[in-house]
Amino acid sequence: MTPHTIIWDFDGTLYPLLPYDSEQILMRLSRTHLENGVHGLRRFLGRWVSYGDMHQWFRGRPLRKLYNRLYGCSIKGMPVSLLYRAIDDISALITPEDKNALHLLHENGLRMLVISCGTLDLCEGVLQKAGVRNCFESVAANPFRLKNEKIEGVVPRVVSAYDKLFTARTLVGKSPKGIVAVGDGYTDIPLLDWAQFPVMMDPGHSKQTKYAGKPYYFMDSVSALPRLLTQL
């Protein structure tokens, strides 16, 4: 069956991790904003949460919920101006070739969505800044609570890998036929296993061995997807 819908992850999929994901970048910016003294504990919390996230400590829904709470605490009170700075830094990582590929897929009539366990404001902001937001029908992720131009916390909507799968089935239907799912990590596995055409982003060519037992396709960049789709 010809693919008709593409579901994208965000961090590490629509842009490359070098080496931090969008939330880790924001936590690093938050630490530079906080002063010493009474804020020392929050600076340590941000560093610890970021390290744990990079090393995949927060697997499973209960731990992902804990991560969301700790992440929200570590950036609480952060000015929105730093959010915009993170958006600028991340959007610059999306190459012209990848942007052209997304526009080509959109122009060819493929329905595209983003479903992420990350932060909605970062996803939306980066895609808008990169000039590709119009390629996507919708973006599902976890929005910030904002007050007086500051971040107050995170609203949990897509917390775990199975939340991501549930959201996908809600948005596109229960049948996986014709669905391409593109992801890069452990929160994408249930969605990839469900989709008819599962694609693992693998720029370093290290995941083909790790997931050798899975019927996945592998690609090293967004720009490779139009060509891959012609081979399905």
# chains A, B, ... in the order shown; residues from 1 in each chain; ligands from 1
>>> select_by_dssp(residues="region 95-225 of chain A", states="helix (DSSP H, G or I)", output="ChimeraX atom specification")
/A:96-107,120-130,133-135,161-172,186-194,207-210,222-225
>>> residues_around(residues="Arg31 (chain A)", least_positions_apart="6", cutoff="9 Å", atoms="only C-alpha atoms", output="PyMOL selection string")
chain A and resi 42-44+46-47+74-75
>>> write_last_selection(atoms="C-alpha atoms", output="PDB file, in the first residue's frame")
ATOM      1  CA  ARG A  42      17.835  24.405  41.031  1.00  0.00           C
ATOM      2  CA  ARG A  43      21.013  24.673  38.968  1.00  0.00           C
ATOM      3  CA  PHE A  44      22.056  21.254  40.276  1.00  0.00           C
ATOM      4  CA  GLY A  46      18.715  21.070  35.950  1.00  0.00           C
ATOM      5  CA  ARG A  47      22.145  19.540  35.461  1.00  0.00           C
ATOM      6  CA  SER A  74      14.306  23.190  36.731  1.00  0.00           C
ATOM      7  CA  ILE A  75      13.122  25.880  34.287  1.00  0.00           C
TER       8      ILE A  75
END
>>> atom_distance(atom1="CA of Gly178 (chain A)", atom2="CA of Leu229 (chain A)")
11.1 Å
>>> closest_residue(among="A:Asp193, A:Glu23, A:Glu107, A:Asp88", to="Gln128 (chain A)", atoms="only C-alpha atoms")
A:Asp88
>>> select_by_dssp(residues="region 7-223 of chain A", states="strand (DSSP E)", output="PyMOL selection string")
chain A and resi 7-8+111-119+138-142+144-147+150-154+179-183+197-201+217-219
>>> residues_around(residues="Lys76 (chain A)", least_positions_apart="2", cutoff="10 Å", atoms="only C-alpha atoms", output="list in words")
Ser30, Arg42, Leu70, Tyr71, Gly72, Cys73, Ser74, Met78, Pro79, Phe144, Arg145, Leu146, Lys150, Ile151, Glu152, Gly153 and Val154 of chain A
>>> residues_around(residues="region 155-170 of chain A", least_positions_apart="2", cutoff="7 Å", atoms="only C-alpha atoms", output="NGL selection string")
:A and (60-61 or 64-65 or 115-117 or 141-145 or 153 or 172-174 or 187-188 or 190-191)
>>> residues_around(residues="Cys135 (chain A)", least_positions_apart="4", cutoff="12 Å", atoms="only C-alpha atoms", output="compact mmCIF listing (two decimals) with N, CA and C atoms, in the first residue's frame")
# COMPACT_ATOMS: atom_id res chain seq x y z
N ILE A 6 2.61 10.54 7.28
CA ILE A 6 3.90 10.43 7.95
C ILE A 6 3.78 11.04 9.34
N ILE A 7 4.14 10.26 10.35
CA ILE A 7 4.16 10.74 11.73
C ILE A 7 5.61 10.89 12.14
N TRP A 8 5.98 12.11 12.49
CA TRP A 8 7.36 12.43 12.83
C TRP A 8 7.52 12.60 14.34
N LYS A 99 14.72 20.90 4.72
CA LYS A 99 13.55 21.76 4.51
C LYS A 99 12.91 21.50 3.15
N ASN A 100 13.74 21.39 2.12
CA ASN A 100 13.23 21.12 0.78
C ASN A 100 12.51 19.79 0.73
N ALA A 101 13.05 18.78 1.43
CA ALA A 101 12.41 17.47 1.44
C ALA A 101 11.04 17.53 2.10
N LEU A 102 10.93 18.26 3.20
CA LEU A 102 9.64 18.38 3.89
C LEU A 102 8.62 19.09 3.00
N HIS A 103 9.05 20.15 2.33
CA HIS A 103 8.13 20.85 1.42
C HIS A 103 7.72 19.94 0.26
N LEU A 104 8.66 19.14 -0.25
CA LEU A 104 8.34 18.22 -1.35
C LEU A 104 7.30 17.20 -0.92
N LEU A 105 7.48 16.61 0.25
CA LEU A 105 6.52 15.63 0.76
C LEU A 105 5.14 16.26 0.94
N HIS A 106 5.13 17.46 1.47
CA HIS A 106 3.85 18.18 1.67
C HIS A 106 3.18 18.48 0.33
N GLU A 107 3.97 18.96 -0.63
CA GLU A 107 3.42 19.31 -1.94
C GLU A 107 2.92 18.09 -2.70
N ASN A 108 3.47 16.92 -2.39
CA ASN A 108 3.02 15.69 -3.03
C ASN A 108 1.79 15.09 -2.36
N GLY A 109 1.23 15.81 -1.41
CA GLY A 109 -0.05 15.40 -0.82
C GLY A 109 0.03 14.48 0.37
N LEU A 110 1.22 14.26 0.91
CA LEU A 110 1.34 13.40 2.09
C LEU A 110 0.91 14.17 3.33
N ARG A 111 0.06 13.53 4.11
CA ARG A 111 -0.37 14.11 5.38
C ARG A 111 0.75 13.92 6.40
N MET A 112 1.15 14.99 7.09
CA MET A 112 2.27 14.88 8.03
C MET A 112 1.88 15.48 9.38
N LEU A 113 2.29 14.79 10.44
CA LEU A 113 2.03 15.22 11.81
C LEU A 113 3.32 15.05 12.62
N VAL A 114 3.43 15.81 13.69
CA VAL A 114 4.51 15.63 14.65
C VAL A 114 3.89 15.21 15.98
N GLU A 124 6.81 23.71 18.03
CA GLU A 124 6.11 24.68 17.18
C GLU A 124 7.05 25.82 16.79
N LEU A 127 9.84 24.72 14.18
CA LEU A 127 9.29 24.47 12.85
C LEU A 127 8.86 25.77 12.18
N GLN A 128 8.29 26.68 12.97
CA GLN A 128 7.89 27.98 12.42
C GLN A 128 9.12 28.78 11.99
N ALA A 130 12.01 27.70 11.16
CA ALA A 130 12.67 27.05 10.03
C ALA A 130 11.87 27.16 8.74
N GLY A 131 10.63 27.66 8.82
CA GLY A 131 9.81 27.84 7.64
C GLY A 131 9.14 26.58 7.13
N VAL A 139 0.75 19.41 15.52
CA VAL A 139 1.88 19.07 16.39
C VAL A 139 1.32 18.74 17.76
>>> closest_residue(among="A:Thr2, A:Lys129, A:Tyr20, A:Gly12", to="Met200 (chain A)", atoms="only C-alpha atoms")
A:Gly12
>>> closest_residue(among="A:Trp194, A:Leu120, A:Tyr186, A:Ser50", to="Lys210 (chain A)", atoms="only C-alpha atoms")
A:Tyr186
>>> residues_around(residues="Tyr15 (chain A)", least_positions_apart="6", cutoff="10 Å", atoms="only C-alpha atoms", output="ChimeraX atom specification")
/A:9,21-22,90-95,98,126-127,221-222
>>> closest_residue(among="A:Pro203, A:Asp53, A:Thr32, A:Thr209", to="Gly118 (chain A)", atoms="only C-alpha atoms")
A:Asp53
>>> residues_around(residues="Leu228 (chain A)", least_positions_apart="2", cutoff="12 Å", atoms="only C-alpha atoms", output="list in words")
Pro3, Ala101, Leu105, Val180, Val182, Phe197, Pro198, Val199, Met200, Tyr217, Phe218, Met219, Asp220, Ser221, Val222, Ser223, Ala224, Leu225, Pro226, Thr230, Gln231 and Leu232 of chain A
>>> atom_distance(atom1="CA of Pro16 (chain A)", atom2="CA of Glu97 (chain A)")
13.2 Å
>>> atom_distance(atom1="CA of Leu171 (chain A)", atom2="CA of Glu137 (chain A)")
10.4 Å
>>> closest_residue(among="A:Leu45, A:Gly77, A:Glu149, A:Leu83", to="Asp121 (chain A)", atoms="only C-alpha atoms")
A:Leu83
>>> decode(residues="region 120-215 of chain A", atoms="C-alpha atoms", output="PDB file, in the first residue's frame")
ATOM      1  CA  LEU A 120       5.122  21.823  22.318  1.00  0.00           C
ATOM      2  CA  ASP A 121       6.430  25.406  22.436  1.00  0.00           C
ATOM      3  CA  LEU A 122       9.866  24.275  21.276  1.00  0.00           C
ATOM      4  CA  CYS A 123       8.462  22.027  18.524  1.00  0.00           C
ATOM      5  CA  GLU A 124       6.115  24.678  17.179  1.00  0.00           C
ATOM      6  CA  GLY A 125       8.652  27.479  17.488  1.00  0.00           C
ATOM      7  CA  VAL A 126      11.466  25.627  15.741  1.00  0.00           C
ATOM      8  CA  LEU A 127       9.286  24.470  12.852  1.00  0.00           C
ATOM      9  CA  GLN A 128       7.887  27.982  12.419  1.00  0.00           C
ATOM     10  CA  LYS A 129      11.343  29.581  12.542  1.00  0.00           C
ATOM     11  CA  ALA A 130      12.673  27.046  10.027  1.00  0.00           C
ATOM     12  CA  GLY A 131       9.810  27.840   7.635  1.00  0.00           C
ATOM     13  CA  VAL A 132       8.326  24.333   7.585  1.00  0.00           C
ATOM     14  CA  ARG A 133       5.434  24.531  10.074  1.00  0.00           C
ATOM     15  CA  ASN A 134       2.932  24.709   7.194  1.00  0.00           C
ATOM     16  CA  CYS A 135       4.045  21.232   6.097  1.00  0.00           C
ATOM     17  CA  PHE A 136       2.460  19.655   9.178  1.00  0.00           C
ATOM     18  CA  GLU A 137      -1.221  19.223   9.874  1.00  0.00           C
ATOM     19  CA  SER A 138      -0.713  19.242  13.632  1.00  0.00           C
ATOM     20  CA  VAL A 139       1.884  19.072  16.386  1.00  0.00           C
ATOM     21  CA  ALA A 140       1.142  17.119  19.580  1.00  0.00           C
ATOM     22  CA  ALA A 141       3.458  17.545  22.572  1.00  0.00           C
ATOM     23  CA  ASN A 142       3.545  19.036  26.079  1.00  0.00           C
ATOM     24  CA  PRO A 143       2.911  22.809  26.269  1.00  0.00           C
ATOM     25  CA  PHE A 144       4.416  25.230  28.751  1.00  0.00           C
ATOM     26  CA  ARG A 145       2.377  27.156  31.270  1.00  0.00           C
ATOM     27  CA  LEU A 146       3.406  30.782  30.804  1.00  0.00           C
ATOM     28  CA  LYS A 147       2.782  33.779  33.054  1.00  0.00           C
ATOM     29  CA  ASN A 148       4.135  37.315  32.779  1.00  0.00           C
ATOM     30  CA  GLU A 149       6.619  36.320  30.059  1.00  0.00           C
ATOM     31  CA  LYS A 150       8.039  33.538  32.221  1.00  0.00           C
ATOM     32  CA  ILE A 151       7.795  29.738  32.148  1.00  0.00           C
ATOM     33  CA  GLU A 152       5.766  28.381  35.075  1.00  0.00           C
ATOM     34  CA  GLY A 153       5.729  24.662  34.264  1.00  0.00           C
ATOM     35  CA  VAL A 154       4.757  21.961  31.766  1.00  0.00           C
ATOM     36  CA  VAL A 155       1.296  20.571  30.983  1.00  0.00           C
ATOM     37  CA  PRO A 156       1.649  16.763  30.524  1.00  0.00           C
ATOM     38  CA  ARG A 157      -0.161  15.550  27.412  1.00  0.00           C
ATOM     39  CA  VAL A 158       2.208  13.169  25.594  1.00  0.00           C
ATOM     40  CA  VAL A 159       4.326  11.815  28.428  1.00  0.00           C
ATOM     41  CA  SER A 160       5.415   8.300  27.445  1.00  0.00           C
ATOM     42  CA  ALA A 161       6.077   6.137  24.412  1.00  0.00           C
ATOM     43  CA  TYR A 162       2.615   4.604  24.711  1.00  0.00           C
ATOM     44  CA  ASP A 163       1.021   8.051  25.011  1.00  0.00           C
ATOM     45  CA  LYS A 164       2.670   8.787  21.675  1.00  0.00           C
ATOM     46  CA  LEU A 165       1.128   5.656  20.140  1.00  0.00           C
ATOM     47  CA  PHE A 166      -2.290   6.442  21.671  1.00  0.00           C
ATOM     48  CA  THR A 167      -2.141   9.983  20.282  1.00  0.00           C
ATOM     49  CA  ALA A 168      -1.240   8.674  16.831  1.00  0.00           C
ATOM     50  CA  ARG A 169      -4.141   6.222  16.794  1.00  0.00           C
ATOM     51  CA  THR A 170      -6.479   8.992  17.955  1.00  0.00           C
ATOM     52  CA  LEU A 171      -5.353  11.371  15.211  1.00  0.00           C
ATOM     53  CA  VAL A 172      -5.010   9.018  12.225  1.00  0.00           C
ATOM     54  CA  GLY A 173      -7.138   5.992  13.114  1.00  0.00           C
ATOM     55  CA  LYS A 174      -6.455   2.531  14.447  1.00  0.00           C
ATOM     56  CA  SER A 175      -5.255   0.999  11.205  1.00  0.00           C
ATOM     57  CA  PRO A 176      -1.485   1.241  10.584  1.00  0.00           C
ATOM     58  CA  LYS A 177      -1.878   0.728   6.830  1.00  0.00           C
ATOM     59  CA  GLY A 178      -0.209   3.431   4.813  1.00  0.00           C
ATOM     60  CA  ILE A 179       1.361   4.990   7.916  1.00  0.00           C
ATOM     61  CA  VAL A 180       5.035   5.949   7.960  1.00  0.00           C
ATOM     62  CA  ALA A 181       6.446   6.564  11.447  1.00  0.00           C
ATOM     63  CA  VAL A 182       9.838   8.249  11.753  1.00  0.00           C
ATOM     64  CA  GLY A 183      11.710   8.313  15.067  1.00  0.00           C
ATOM     65  CA  ASP A 184      15.107   7.989  16.623  1.00  0.00           C
ATOM     66  CA  GLY A 185      14.836   6.578  20.143  1.00  0.00           C
ATOM     67  CA  TYR A 186      13.124   4.522  22.814  1.00  0.00           C
ATOM     68  CA  THR A 187      10.008   6.709  23.080  1.00  0.00           C
ATOM     69  CA  ASP A 188       9.343   5.959  19.399  1.00  0.00           C
ATOM     70  CA  ILE A 189       9.506   2.148  19.540  1.00  0.00           C
ATOM     71  CA  PRO A 190       5.776   1.352  20.147  1.00  0.00           C
ATOM     72  CA  LEU A 191       4.793   3.746  17.361  1.00  0.00           C
ATOM     73  CA  LEU A 192       7.398   2.321  14.975  1.00  0.00           C
ATOM     74  CA  ASP A 193       6.296  -1.233  15.788  1.00  0.00           C
ATOM     75  CA  TRP A 194       2.673  -0.283  15.032  1.00  0.00           C
ATOM     76  CA  ALA A 195       3.181   1.582  11.743  1.00  0.00           C
ATOM     77  CA  GLN A 196       3.226  -0.222   8.420  1.00  0.00           C
ATOM     78  CA  PHE A 197       6.409   1.588   7.401  1.00  0.00           C
ATOM     79  CA  PRO A 198       8.683   2.161  10.439  1.00  0.00           C
ATOM     80  CA  VAL A 199      11.718   4.369   9.778  1.00  0.00           C
ATOM     81  CA  MET A 200      14.570   4.819  12.256  1.00  0.00           C
ATOM     82  CA  MET A 201      16.683   7.941  11.954  1.00  0.00           C
ATOM     83  CA  ASP A 202      20.286   6.743  12.138  1.00  0.00           C
ATOM     84  CA  PRO A 203      22.816   9.396  11.057  1.00  0.00           C
ATOM     85  CA  GLY A 204      25.683   7.649  12.836  1.00  0.00           C
ATOM     86  CA  HIS A 205      24.769   4.205  11.437  1.00  0.00           C
ATOM     87  CA  SER A 206      24.871   2.762  14.949  1.00  0.00           C
ATOM     88  CA  LYS A 207      21.233   1.704  15.338  1.00  0.00           C
ATOM     89  CA  GLN A 208      21.014  -0.869  12.571  1.00  0.00           C
ATOM     90  CA  THR A 209      22.835  -3.373  14.777  1.00  0.00           C
ATOM     91  CA  LYS A 210      20.878  -2.434  17.906  1.00  0.00           C
ATOM     92  CA  TYR A 211      17.544  -2.891  16.125  1.00  0.00           C
ATOM     93  CA  ALA A 212      18.601  -5.668  13.767  1.00  0.00           C
ATOM     94  CA  GLY A 213      15.679  -7.815  14.908  1.00  0.00           C
ATOM     95  CA  LYS A 214      13.145  -5.137  13.987  1.00  0.00           C
ATOM     96  CA  PRO A 215      11.672  -4.711  10.473  1.00  0.00           C
TER      97      PRO A 215
END
